[in-house]
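A.B. asks: This one is input22.cif, mmCIF, C-alpha atoms (C1' of nucleotides).
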data_final
#
loop_
_atom_site.group_PDB
_atom_site.id
_atom_site.type_symbol
_atom_site.label_atom_id
_atom_site.label_comp_id
_atom_site.auth_asym_id
_atom_site.auth_seq_id
_atom_site.Cartn_x
_atom_site.Cartn_y
_atom_site.Cartn_z
ATOM 1 C CA MET A 26 30.303 -2.314 61.181
ATOM 2 C CA LEU A 27 26.827 -3.073 59.900
ATOM 3 C CA ARG A 28 27.438 -6.735 60.461
ATOM 4 C CA LEU A 29 25.158 -9.552 61.500
ATOM 5 C CA SER A 30 26.386 -11.089 64.755
ATOM 6 C CA LYS A 31 27.766 -14.613 64.923
ATOM 7 C CA ARG A 32 24.680 -15.497 66.924
ATOM 8 C CA VAL A 33 22.494 -14.631 63.947
ATOM 9 C CA GLU A 34 24.860 -16.296 61.498
ATOM 10 C CA TYR A 35 24.867 -19.513 63.540
ATOM 11 C CA GLY A 36 21.131 -19.281 64.046
ATOM 12 C CA LEU A 37 20.568 -19.141 60.293
ATOM 13 C CA VAL A 38 22.896 -22.094 59.748
ATOM 14 C CA ALA A 39 21.073 -24.125 62.387
ATOM 15 C CA LEU A 40 17.645 -23.313 60.980
ATOM 16 C CA GLN A 41 18.851 -24.221 57.520
ATOM 17 C CA PHE A 42 20.120 -27.508 58.953
ATOM 18 C CA LEU A 43 16.756 -28.295 60.517
ATOM 19 C CA ALA A 44 14.924 -27.345 57.338
ATOM 20 C CA LYS A 45 17.113 -29.662 55.252
ATOM 21 C CA ARG A 46 16.780 -32.578 57.605
ATOM 22 C CA ASN A 47 13.107 -32.124 58.303
ATOM 23 C CA ALA A 48 13.386 -34.227 61.470
ATOM 24 C CA VAL A 49 14.829 -34.014 64.961
ATOM 25 C CA ALA A 50 18.450 -32.886 65.218
ATOM 26 C CA THR A 51 20.573 -32.402 68.326
ATOM 27 C CA VAL A 52 22.726 -29.389 69.100
ATOM 28 C CA ARG A 53 25.727 -31.712 69.059
ATOM 29 C CA GLU A 54 25.022 -32.812 65.498
ATOM 30 C CA ILE A 55 24.529 -29.296 64.180
ATOM 31 C CA ALA A 56 27.523 -27.914 66.053
ATOM 32 C CA ASP A 57 29.856 -30.676 64.864
ATOM 33 C CA GLU A 58 28.819 -30.609 61.229
ATOM 34 C CA SER A 59 28.805 -26.820 61.060
ATOM 35 C CA GLU A 60 31.920 -26.259 63.175
ATOM 36 C CA ILE A 61 30.154 -24.094 65.706
ATOM 37 C CA SER A 62 30.905 -24.029 69.442
ATOM 38 C CA TYR A 63 28.503 -26.426 71.138
ATOM 39 C CA ASP A 64 27.860 -24.243 74.193
ATOM 40 C CA LEU A 65 27.258 -21.167 72.114
ATOM 41 C CA LEU A 66 24.891 -22.900 69.725
ATOM 42 C CA ALA A 67 23.012 -24.459 72.638
ATOM 43 C CA LYS A 68 22.174 -20.953 73.891
ATOM 44 C CA ILE A 69 21.137 -19.811 70.463
ATOM 45 C CA MET A 70 18.799 -22.781 70.043
ATOM 46 C CA GLN A 71 17.144 -21.944 73.350
ATOM 47 C CA ASP A 72 16.475 -18.416 72.127
ATOM 48 C CA LEU A 73 15.048 -19.675 68.854
ATOM 49 C CA LYS A 74 12.824 -22.008 70.804
ATOM 50 C CA ARG A 75 11.608 -19.211 73.069
ATOM 51 C CA ASP A 76 10.584 -17.339 69.947
ATOM 52 C CA GLY A 77 8.565 -20.305 68.727
ATOM 53 C CA MET A 78 10.447 -20.998 65.509
ATOM 54 C CA ILE A 79 11.582 -24.385 66.742
ATOM 55 C CA CYS A 80 10.532 -26.760 69.496
ATOM 56 C CA SER A 81 12.616 -28.948 71.742
ATOM 57 C CA HIS A 82 12.444 -32.526 72.979
ATOM 58 C CA GLN A 83 14.470 -33.330 76.042
ATOM 59 C CA GLY A 84 16.075 -36.630 76.949
ATOM 60 C CA VAL A 85 17.463 -39.469 74.918
ATOM 61 C CA ARG A 86 16.625 -39.218 71.212
ATOM 62 C CA GLY A 87 15.598 -35.627 71.840
ATOM 63 C CA GLY A 88 16.666 -32.505 70.008
ATOM 64 C CA TYR A 89 15.057 -29.724 68.033
ATOM 65 C CA THR A 90 12.640 -29.529 65.121
ATOM 66 C CA LEU A 91 11.218 -26.656 63.075
ATOM 67 C CA MET A 92 7.836 -25.338 64.122
ATOM 68 C CA LEU A 93 7.320 -23.252 60.985
ATOM 69 C CA ALA A 94 7.783 -23.727 57.276
ATOM 70 C CA PRO A 95 11.150 -22.391 56.047
ATOM 71 C CA GLN A 96 9.431 -19.715 53.961
ATOM 72 C CA GLU A 97 7.733 -18.455 57.106
ATOM 73 C CA ILE A 98 11.005 -17.715 58.915
ATOM 74 C CA SER A 99 12.502 -14.400 57.823
ATOM 75 C CA VAL A 100 15.975 -13.126 58.634
ATOM 76 C CA THR A 101 14.335 -10.264 60.498
ATOM 77 C CA ARG A 102 12.648 -12.699 62.812
ATOM 78 C CA VAL A 103 15.924 -14.480 63.505
ATOM 79 C CA VAL A 104 17.653 -11.175 64.200
ATOM 80 C CA ASP A 105 14.888 -10.087 66.541
ATOM 81 C CA ALA A 106 15.043 -13.386 68.402
ATOM 82 C CA LEU A 107 18.813 -13.423 68.795
ATOM 83 C CA GLU A 108 19.861 -9.809 69.278
ATOM 84 C CA ASN A 109 18.946 -7.268 71.896
ATOM 85 C CA GLU A 110 19.074 -4.338 69.526
ATOM 86 C CA ASN A 111 18.633 -4.146 65.801
ATOM 87 C CA SER A 112 18.359 -0.436 65.110
ATOM 88 C CA ILE A 113 20.893 1.024 62.708
ATOM 89 C CA THR A 114 21.559 4.037 64.945
ATOM 90 C CA GLU A 115 20.911 5.006 68.531
ATOM 91 C CA CYS A 116 18.337 7.581 67.446
ATOM 92 C CA THR A 117 16.202 4.984 65.691
ATOM 93 C CA SER A 118 16.121 2.706 68.713
ATOM 94 C CA GLU A 119 12.981 2.368 70.765
ATOM 95 C CA SER A 120 14.663 1.161 73.915
ATOM 96 C CA GLU A 121 17.684 3.468 74.022
ATOM 97 C CA CYS A 122 17.435 7.213 74.303
ATOM 98 C CA CYS A 123 19.827 9.048 72.045
ATOM 99 C CA SER A 124 22.287 11.178 73.989
ATOM 100 C CA ARG A 125 22.412 13.750 71.205
ATOM 101 C CA GLU A 126 18.662 13.859 70.748
ATOM 102 C CA ALA A 127 18.297 17.606 71.300
ATOM 103 C CA VAL A 128 20.659 18.439 68.465
ATOM 104 C CA CYS A 129 20.074 15.378 66.286
ATOM 105 C CA THR A 130 19.325 16.352 62.719
ATOM 106 C CA ILE A 131 19.270 12.956 61.054
ATOM 107 C CA LYS A 132 16.576 11.155 63.006
ATOM 108 C CA GLY A 133 13.882 11.281 60.321
ATOM 109 C CA PRO A 134 15.984 10.056 57.404
ATOM 110 C CA MET A 135 17.553 7.373 59.580
ATOM 111 C CA HIS A 136 14.132 6.030 60.453
ATOM 112 C CA LYS A 137 13.310 5.773 56.773
ATOM 113 C CA LEU A 138 16.572 4.004 56.081
ATOM 114 C CA GLN A 139 15.949 1.580 58.898
ATOM 115 C CA ASP A 140 12.474 0.769 57.612
ATOM 116 C CA THR A 141 13.900 -0.039 54.204
ATOM 117 C CA MET A 142 16.584 -2.227 55.725
ATOM 118 C CA GLU A 143 13.994 -4.141 57.697
ATOM 119 C CA GLN A 144 11.962 -4.694 54.550
ATOM 120 C CA VAL A 145 15.011 -6.198 52.880
ATOM 121 C CA LEU A 146 15.713 -8.493 55.813
ATOM 122 C CA SER A 147 12.074 -9.515 55.953
ATOM 123 C CA SER A 148 12.049 -10.527 52.316
ATOM 124 C CA VAL A 149 14.726 -13.161 52.848
ATOM 125 C CA THR A 150 13.670 -16.423 54.516
ATOM 126 C CA ILE A 151 15.205 -19.758 55.454
ATOM 127 C CA ALA A 152 13.634 -21.173 52.284
ATOM 128 C CA GLN A 153 16.072 -19.047 50.282
ATOM 129 C CA LEU A 154 18.980 -20.697 52.075
ATOM 130 C CA LEU A 155 18.124 -24.183 50.892
ATOM 131 C CA MET B 30 23.895 -5.560 66.137
ATOM 132 C CA LEU B 31 23.519 -4.443 62.528
ATOM 133 C CA ARG B 32 24.290 -0.910 63.541
ATOM 134 C CA LEU B 33 26.068 1.952 61.825
ATOM 135 C CA SER B 34 29.071 3.003 63.905
ATOM 136 C CA LYS B 35 29.247 6.355 65.648
ATOM 137 C CA ARG B 36 31.960 7.284 63.179
ATOM 138 C CA VAL B 37 29.485 6.947 60.313
ATOM 139 C CA GLU B 38 26.724 8.658 62.264
ATOM 140 C CA TYR B 39 28.967 11.617 63.066
ATOM 141 C CA GLY B 40 30.291 11.669 59.524
ATOM 142 C CA LEU B 41 26.772 11.979 58.153
ATOM 143 C CA VAL B 42 25.972 14.759 60.612
ATOM 144 C CA ALA B 43 29.121 16.645 59.646
ATOM 145 C CA LEU B 44 28.474 16.295 55.922
ATOM 146 C CA GLN B 45 24.920 17.459 56.441
ATOM 147 C CA PHE B 46 26.302 20.446 58.344
ATOM 148 C CA LEU B 47 28.666 21.341 55.506
ATOM 149 C CA ALA B 48 25.901 20.934 52.926
ATOM 150 C CA LYS B 49 23.593 23.241 54.853
ATOM 151 C CA ARG B 50 26.205 25.910 55.367
ATOM 152 C CA ASN B 51 27.686 25.682 51.899
ATOM 153 C CA ALA B 52 30.854 27.406 53.089
ATOM 154 C CA VAL B 53 33.905 26.693 55.238
ATOM 155 C CA ALA B 54 33.219 25.223 58.676
ATOM 156 C CA THR B 55 35.704 24.216 61.363
ATOM 157 C CA VAL B 56 35.722 20.959 63.285
ATOM 158 C CA ARG B 57 35.196 23.007 66.440
ATOM 159 C CA GLU B 58 31.992 24.544 65.102
ATOM 160 C CA ILE B 59 30.533 21.253 63.951
ATOM 161 C CA ALA B 60 31.564 19.421 67.111
ATOM 162 C CA ASP B 61 30.104 22.072 69.418
ATOM 163 C CA GLU B 62 26.804 22.501 67.612
ATOM 164 C CA SER B 63 26.321 18.772 67.135
ATOM 165 C CA GLU B 64 27.604 17.715 70.555
ATOM 166 C CA ILE B 65 30.268 15.448 69.174
ATOM 167 C CA SER B 66 33.720 14.912 70.710
ATOM 168 C CA TYR B 67 36.119 17.309 69.013
ATOM 169 C CA ASP B 68 39.040 14.880 68.813
ATOM 170 C CA LEU B 69 36.900 12.093 67.442
ATOM 171 C CA LEU B 70 35.278 14.284 64.816
ATOM 172 C CA ALA B 71 38.669 15.670 63.787
ATOM 173 C CA LYS B 72 39.772 12.148 62.883
ATOM 174 C CA ILE B 73 36.586 11.484 60.980
ATOM 175 C CA MET B 74 36.965 14.669 58.946
ATOM 176 C CA GLN B 75 40.477 13.623 57.975
ATOM 177 C CA ASP B 76 39.140 10.323 56.665
ATOM 178 C CA LEU B 77 36.387 12.055 54.710
ATOM 179 C CA LYS B 78 38.995 14.347 53.228
ATOM 180 C CA ARG B 79 41.208 11.411 52.230
ATOM 181 C CA ASP B 80 38.256 10.019 50.362
ATOM 182 C CA GLY B 81 37.778 13.249 48.454
ATOM 183 C CA MET B 82 34.282 14.123 49.669
ATOM 184 C CA ILE B 83 35.530 17.235 51.400
ATOM 185 C CA CYS B 84 38.653 19.382 51.240
ATOM 186 C CA SER B 85 40.536 21.126 53.988
ATOM 187 C CA HIS B 86 42.047 24.566 54.472
ATOM 188 C CA GLN B 87 44.664 24.849 57.165
ATOM 189 C CA GLY B 88 45.475 27.860 59.269
ATOM 190 C CA VAL B 89 43.434 30.802 60.461
ATOM 191 C CA ARG B 90 39.995 31.002 58.854
ATOM 192 C CA GLY B 91 40.532 27.480 57.615
ATOM 193 C CA GLY B 92 38.251 24.461 57.947
ATOM 194 C CA TYR B 93 36.444 22.072 55.657
ATOM 195 C CA THR B 94 34.174 22.426 52.647
ATOM 196 C CA LEU B 95 32.258 19.926 50.503
ATOM 197 C CA MET B 96 33.915 18.812 47.298
ATOM 198 C CA LEU B 97 30.818 17.140 45.899
ATOM 199 C CA ALA B 98 27.147 17.970 45.586
ATOM 200 C CA PRO B 99 25.077 16.495 48.445
ATOM 201 C CA GLN B 100 23.216 14.221 46.013
ATOM 202 C CA GLU B 101 26.545 12.775 44.932
ATOM 203 C CA ILE B 102 27.488 11.562 48.413
ATOM 204 C CA SER B 103 25.806 8.270 49.266
ATOM 205 C CA VAL B 104 25.682 6.620 52.666
ATOM 206 C CA THR B 105 27.615 3.711 51.167
ATOM 207 C CA ARG B 106 30.456 6.015 50.307
ATOM 208 C CA VAL B 107 30.548 7.420 53.824
ATOM 209 C CA VAL B 108 30.526 3.921 55.293
ATOM 210 C CA ASP B 109 33.333 2.817 53.007
ATOM 211 C CA ALA B 110 35.386 5.875 53.913
ATOM 212 C CA LEU B 111 34.923 5.535 57.664
ATOM 213 C CA GLU B 112 34.840 1.820 58.385
ATOM 214 C CA ASN B 113 37.361 -0.912 57.777
ATOM 215 C CA GLU B 114 34.768 -3.553 57.074
ATOM 216 C CA ASN B 115 31.241 -3.298 55.816
ATOM 217 C CA SER B 116 30.310 -6.873 54.999
ATOM 218 C CA ILE B 117 27.273 -8.273 56.783
ATOM 219 C CA THR B 118 29.028 -11.553 57.590
ATOM 220 C CA GLU B 119 32.570 -12.857 57.638
ATOM 221 C CA CYS B 120 31.891 -15.042 54.627
ATOM 222 C CA THR B 121 30.911 -12.103 52.453
ATOM 223 C CA SER B 122 34.054 -10.167 53.281
ATOM 224 C CA GLU B 123 36.782 -9.792 50.729
ATOM 225 C CA SER B 124 39.565 -9.075 53.200
ATOM 226 C CA GLU B 125 38.766 -11.628 55.880
ATOM 227 C CA CYS B 126 38.764 -15.344 55.287
ATOM 228 C CA CYS B 127 35.865 -17.133 56.914
ATOM 229 C CA SER B 128 37.028 -19.674 59.489
ATOM 230 C CA ARG B 129 34.066 -21.930 58.715
ATOM 231 C CA GLU B 130 34.461 -21.661 54.961
ATOM 232 C CA ALA B 131 34.787 -25.405 54.318
ATOM 233 C CA VAL B 132 31.409 -26.121 55.894
ATOM 234 C CA CYS B 133 29.702 -22.795 55.189
ATOM 235 C CA THR B 134 26.321 -23.319 53.578
ATOM 236 C CA ILE B 135 25.023 -19.765 53.550
ATOM 237 C CA LYS B 136 27.683 -17.945 51.559
ATOM 238 C CA GLY B 137 25.696 -17.531 48.348
ATOM 239 C CA PRO B 138 22.489 -16.193 49.901
ATOM 240 C CA MET B 139 24.473 -13.918 52.187
ATOM 241 C CA HIS B 140 26.210 -12.373 49.201
ATOM 242 C CA LYS B 141 22.840 -11.660 47.635
ATOM 243 C CA LEU B 142 21.584 -10.111 50.840
ATOM 244 C CA GLN B 143 24.671 -7.959 51.108
ATOM 245 C CA ASP B 144 24.281 -6.716 47.547
ATOM 246 C CA THR B 145 20.729 -5.664 48.275
ATOM 247 C CA MET B 146 21.783 -3.897 51.444
ATOM 248 C CA GLU B 147 24.432 -1.983 49.564
ATOM 249 C CA GLN B 148 21.903 -0.934 46.973
ATOM 250 C CA VAL B 149 19.716 0.484 49.710
ATOM 251 C CA LEU B 150 22.594 2.383 51.289
ATOM 252 C CA SER B 151 23.655 3.685 47.897
ATOM 253 C CA SER B 152 20.218 5.090 47.191
ATOM 254 C CA VAL B 153 20.358 7.402 50.202
ATOM 255 C CA THR B 154 22.498 10.542 49.887
ATOM 256 C CA ILE B 155 23.351 13.589 51.956
ATOM 257 C CA ALA B 156 20.756 15.471 49.909
ATOM 258 C CA GLN B 157 18.087 13.372 51.600
ATOM 259 C CA LEU B 158 19.289 14.554 54.978
ATOM 260 C CA LEU B 159 18.646 18.212 54.275
ATOM 261 C "C1'" DT C 17 15.063 -47.876 88.330
ATOM 262 C "C1'" DA C 18 19.683 -46.685 86.949
ATOM 263 C "C1'" DA C 19 22.260 -44.951 83.276
ATOM 264 C "C1'" DA C 20 22.723 -42.432 79.200
ATOM 265 C "C1'" DT C 21 21.490 -38.586 76.529
ATOM 266 C "C1'" DA C 22 19.426 -34.355 75.754
ATOM 267 C "C1'" DT C 23 17.886 -29.627 76.760
ATOM 268 C "C1'" DC C 24 17.833 -25.635 80.385
ATOM 269 C "C1'" DG C 25 19.924 -21.780 82.169
ATOM 270 C "C1'" DG C 26 22.947 -18.921 85.154
ATOM 271 C "C1'" DA C 27 27.489 -17.088 85.795
ATOM 272 C "C1'" DC C 28 31.677 -16.294 84.160
ATOM 273 C "C1'" DT C 29 35.994 -15.117 81.242
ATOM 274 C "C1'" DT C 30 38.187 -13.714 77.166
ATOM 275 C "C1'" DT C 31 38.563 -11.357 72.998
ATOM 276 C "C1'" DT C 32 37.444 -7.919 69.813
ATOM 277 C "C1'" DT C 33 35.640 -3.672 68.487
ATOM 278 C "C1'" DT C 34 34.325 0.874 69.197
ATOM 279 C "C1'" DA C 35 34.662 5.184 71.286
ATOM 280 C "C1'" DG C 36 37.141 8.579 73.110
ATOM 281 C "C1'" DT C 37 41.547 11.071 74.729
ATOM 282 C "C1'" DC C 38 46.123 13.192 74.620
ATOM 283 C "C1'" DC C 39 49.888 15.260 72.672
ATOM 284 C "C1'" DT C 40 52.926 17.153 69.235
ATOM 285 C "C1'" DA C 41 53.731 18.747 64.569
ATOM 286 C "C1'" DC C 42 52.655 21.530 60.724
ATOM 287 C "C1'" DA C 43 50.362 25.154 57.836
ATOM 288 C "C1'" DT C 44 48.380 29.751 57.112
ATOM 289 C "C1'" DG C 45 46.392 34.284 57.542
ATOM 290 C "C1'" DC C 46 46.436 38.612 59.829
ATOM 291 C "C1'" DG D 12 55.195 35.953 65.213
ATOM 292 C "C1'" DC D 13 51.166 34.391 67.119
ATOM 293 C "C1'" DA D 14 46.546 32.834 67.086
ATOM 294 C "C1'" DT D 15 43.955 29.486 64.804
ATOM 295 C "C1'" DG D 16 43.285 25.809 62.205
ATOM 296 C "C1'" DT D 17 44.213 20.830 60.290
ATOM 297 C "C1'" DA D 18 47.422 16.338 60.425
ATOM 298 C "C1'" DG D 19 48.293 12.358 62.599
ATOM 299 C "C1'" DG D 20 50.340 8.928 65.846
ATOM 300 C "C1'" DA D 21 49.816 6.581 70.195
ATOM 301 C "C1'" DC D 22 47.209 5.497 73.751
ATOM 302 C "C1'" DT D 23 43.291 4.300 77.200
ATOM 303 C "C1'" DA D 24 38.677 3.140 78.449
ATOM 304 C "C1'" DA D 25 34.367 1.251 77.739
ATOM 305 C "C1'" DA D 26 31.202 -1.650 75.613
ATOM 306 C "C1'" DA D 27 29.803 -5.509 73.030
ATOM 307 C "C1'" DA D 28 30.399 -9.964 71.240
ATOM 308 C "C1'" DA D 29 32.098 -14.492 71.489
ATOM 309 C "C1'" DG D 30 33.033 -18.305 73.894
ATOM 310 C "C1'" DT D 31 33.339 -21.350 78.271
ATOM 311 C "C1'" DC D 32 31.988 -23.839 82.460
ATOM 312 C "C1'" DC D 33 29.064 -26.081 85.458
ATOM 313 C "C1'" DG D 34 25.181 -27.964 87.627
ATOM 314 C "C1'" DA D 35 20.111 -28.905 87.044
ATOM 315 C "C1'" DT D 36 16.265 -31.107 84.847
ATOM 316 C "C1'" DA D 37 13.726 -34.014 81.676
ATOM 317 C "C1'" DT D 38 13.119 -38.330 79.043
ATOM 318 C "C1'" DT D 39 14.123 -42.630 76.906
ATOM 319 C "C1'" DT D 40 15.862 -47.128 77.087
ATOM 320 C "C1'" DA D 41 18.160 -51.093 78.766
#
Do you think you could lay out the structure here as structure tokens?
C.D. replies:
Amino acid sequence: MLRLSKRVEYGLVALQFLAKRNAVATVREIADESEISYDLLAKIMQDLKRDGMICSHQGVRGGYTLMLAPQEISVTRVVDALENENSITECTSESECCSREAVCTIKGPMHKLQDTMEQVLSSVTIAQLL
Amino acid sequence: MLRLSKRVEYGLVALQFLAKRNAVATVREIADESEISYDLLAKIMQDLKRDGMICSHQGVRGGYTLMLAPQEISVTRVVDALENENSITECTSESECCSREAVCTIKGPMHKLQDTMEQVLSSVTIAQLL
DNA sequence: TAAATATCGGACTTTTTTAGTCCTACATGC
DNA sequence: GCATGTAGGACTAAAAAAGTCCGATATTTA
């Protein structure tokens, strides 16, 4: 469907939230204000942390803060951190092997298309969401 | 996952096939040579026909032929013909209504992103697949 | 140091979407 | 009139995405 997953959507919202606040925020705060499932967002935040975009502080008065400037966080990076696959077709994937590979006649052009798409997604950052 | 559906992938392959042959081809021929499920491709061809990209000829020695020049058929058009939705998020969809609309803070930027994506998909045509 | 408040992370269920199948009807050329 | 093709509805299966539940661990503060 060529759609960004909810994980990515929520991830962008959360990063925007952190960028606006510019201080520690808890998952509970972000989830409540943005009407996102707490459990789901908690997982997403962990993935963003693993990537290094944000850092966490456990315990009372803990939460998350941005590790990078908003203009340094591209949509591509968020997608890569939150989704297993981001290729537009099976034949342009590095991890999957296309079942129709032997007879595939669109591999080349699809690679080009994917590169262009990635450029577009790279050109948009959290700074543009503020 | 930001991925084109198999329907679109197969549609592009079939259109490329018709463009190369430049004559009538049956679903059976395309499906066999491209290793695509016959029944699935048959449905896809019907949708492409409904859109007006191709026309059909029933009966013996029938099949499908292109109605437009390859350079006139963009990927966007194929996507629109074969998928119900093609918005990158719920909030940029015209048919759906975003459940988080009241608190959504990314609608504007997402619309921009979607417009850019559509431009990219519009710039690629079947002619580029030959 | 106990309690409260956070993140951490695995396992699980549910829902939605996509992919694929089956069957019958209808049209057409030889 | 029969072989060969599209037309199209209904259905099933598989895969992916979304969402939930629960217990563990870390840290601050009273």
A.B. asks: Mind telling me what the PyMOL selection byres ((chain D) within 10 of (chain A)) catches here, as a list of chain:residue names?
C.D. replies: D:DA28, D:DA29, D:DG30, D:DT31, D:DC32, D:DT36, D:DA37, D:DT38, D:DT39, D:DT40
A.B. asks: Once you count all atoms listed in the file, which residues of chain B turn out to be within 9 Å of chain A? Could you give them as an NGL selection string?
C.D. replies: :B and (30-35 or 38 or 41-42 or 45 or 62-65 or 108 or 112-119 or 129 or 132-135 or 137-139 or 142 or 145-146 or 149-150 or 153 or 157-159)
A.B. asks: Can you write just those residues out, C-alpha atoms, as a compact mmCIF listing (two decimals), in the coordinates of the input?
C.D. replies:
# COMPACT_ATOMS: atom_id res chain seq x y z
CA MET B 30 23.90 -5.56 66.14
CA LEU B 31 23.52 -4.44 62.53
CA ARG B 32 24.29 -0.91 63.54
CA LEU B 33 26.07 1.95 61.82
CA SER B 34 29.07 3.00 63.90
CA LYS B 35 29.25 6.36 65.65
CA GLU B 38 26.72 8.66 62.26
CA LEU B 41 26.77 11.98 58.15
CA VAL B 42 25.97 14.76 60.61
CA GLN B 45 24.92 17.46 56.44
CA GLU B 62 26.80 22.50 67.61
CA SER B 63 26.32 18.77 67.14
CA GLU B 64 27.60 17.72 70.56
CA ILE B 65 30.27 15.45 69.17
CA VAL B 108 30.53 3.92 55.29
CA GLU B 112 34.84 1.82 58.38
CA ASN B 113 37.36 -0.91 57.78
CA GLU B 114 34.77 -3.55 57.07
CA ASN B 115 31.24 -3.30 55.82
CA SER B 116 30.31 -6.87 55.00
CA ILE B 117 27.27 -8.27 56.78
CA THR B 118 29.03 -11.55 57.59
CA GLU B 119 32.57 -12.86 57.64
CA ARG B 129 34.07 -21.93 58.72
CA VAL B 132 31.41 -26.12 55.89
CA CYS B 133 29.70 -22.80 55.19
CA THR B 134 26.32 -23.32 53.58
CA ILE B 135 25.02 -19.76 53.55
CA GLY B 137 25.70 -17.53 48.35
CA PRO B 138 22.49 -16.19 49.90
CA MET B 139 24.47 -13.92 52.19
CA LEU B 142 21.58 -10.11 50.84
CA THR B 145 20.73 -5.66 48.28
CA MET B 146 21.78 -3.90 51.44
CA VAL B 149 19.72 0.48 49.71
CA LEU B 150 22.59 2.38 51.29
CA VAL B 153 20.36 7.40 50.20
CA GLN B 157 18.09 13.37 51.60
CA LEU B 158 19.29 14.55 54.98
CA LEU B 159 18.65 18.21 54.28
A.B. asks: For region 12-18 of chain D, please output as a PyMOL selection string all residues within 10 Å (counting all atoms listed in the file; exclusion window: fewer than 5 positions along the same chain).
C.D. replies: (chain B and resi 55-57+71-72+74-75+85-93) or (chain C and resi 41-46)
A.B. asks: Could you check the closest approach to chain C for each of B:Ala60, B:Leu70, B:Leu95, B:Cys127 and tell me which residue wins, using only C-alpha atoms (C1' of nucleotides)?
C.D. replies: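 For chain C, the nearest of the given residues is B:Leu70.
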A.B. asks: So the first atom is CA of Pro99 (chain B) and the second is CA of Leu44 (chain B); what is the distance between them in Å, to one decimal place?
C.D. replies: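 Here the two named atoms are 8.2 Å from each other.
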A.B. asks: Up to 9 Å from (35.5, 2.2, 74.3) in the file's coordinates: name the residues, counting only C-alpha atoms (C1' of nucleotides), as a ChimeraX atom specification.
C.D. replies: /C:33-36 /D:23-26
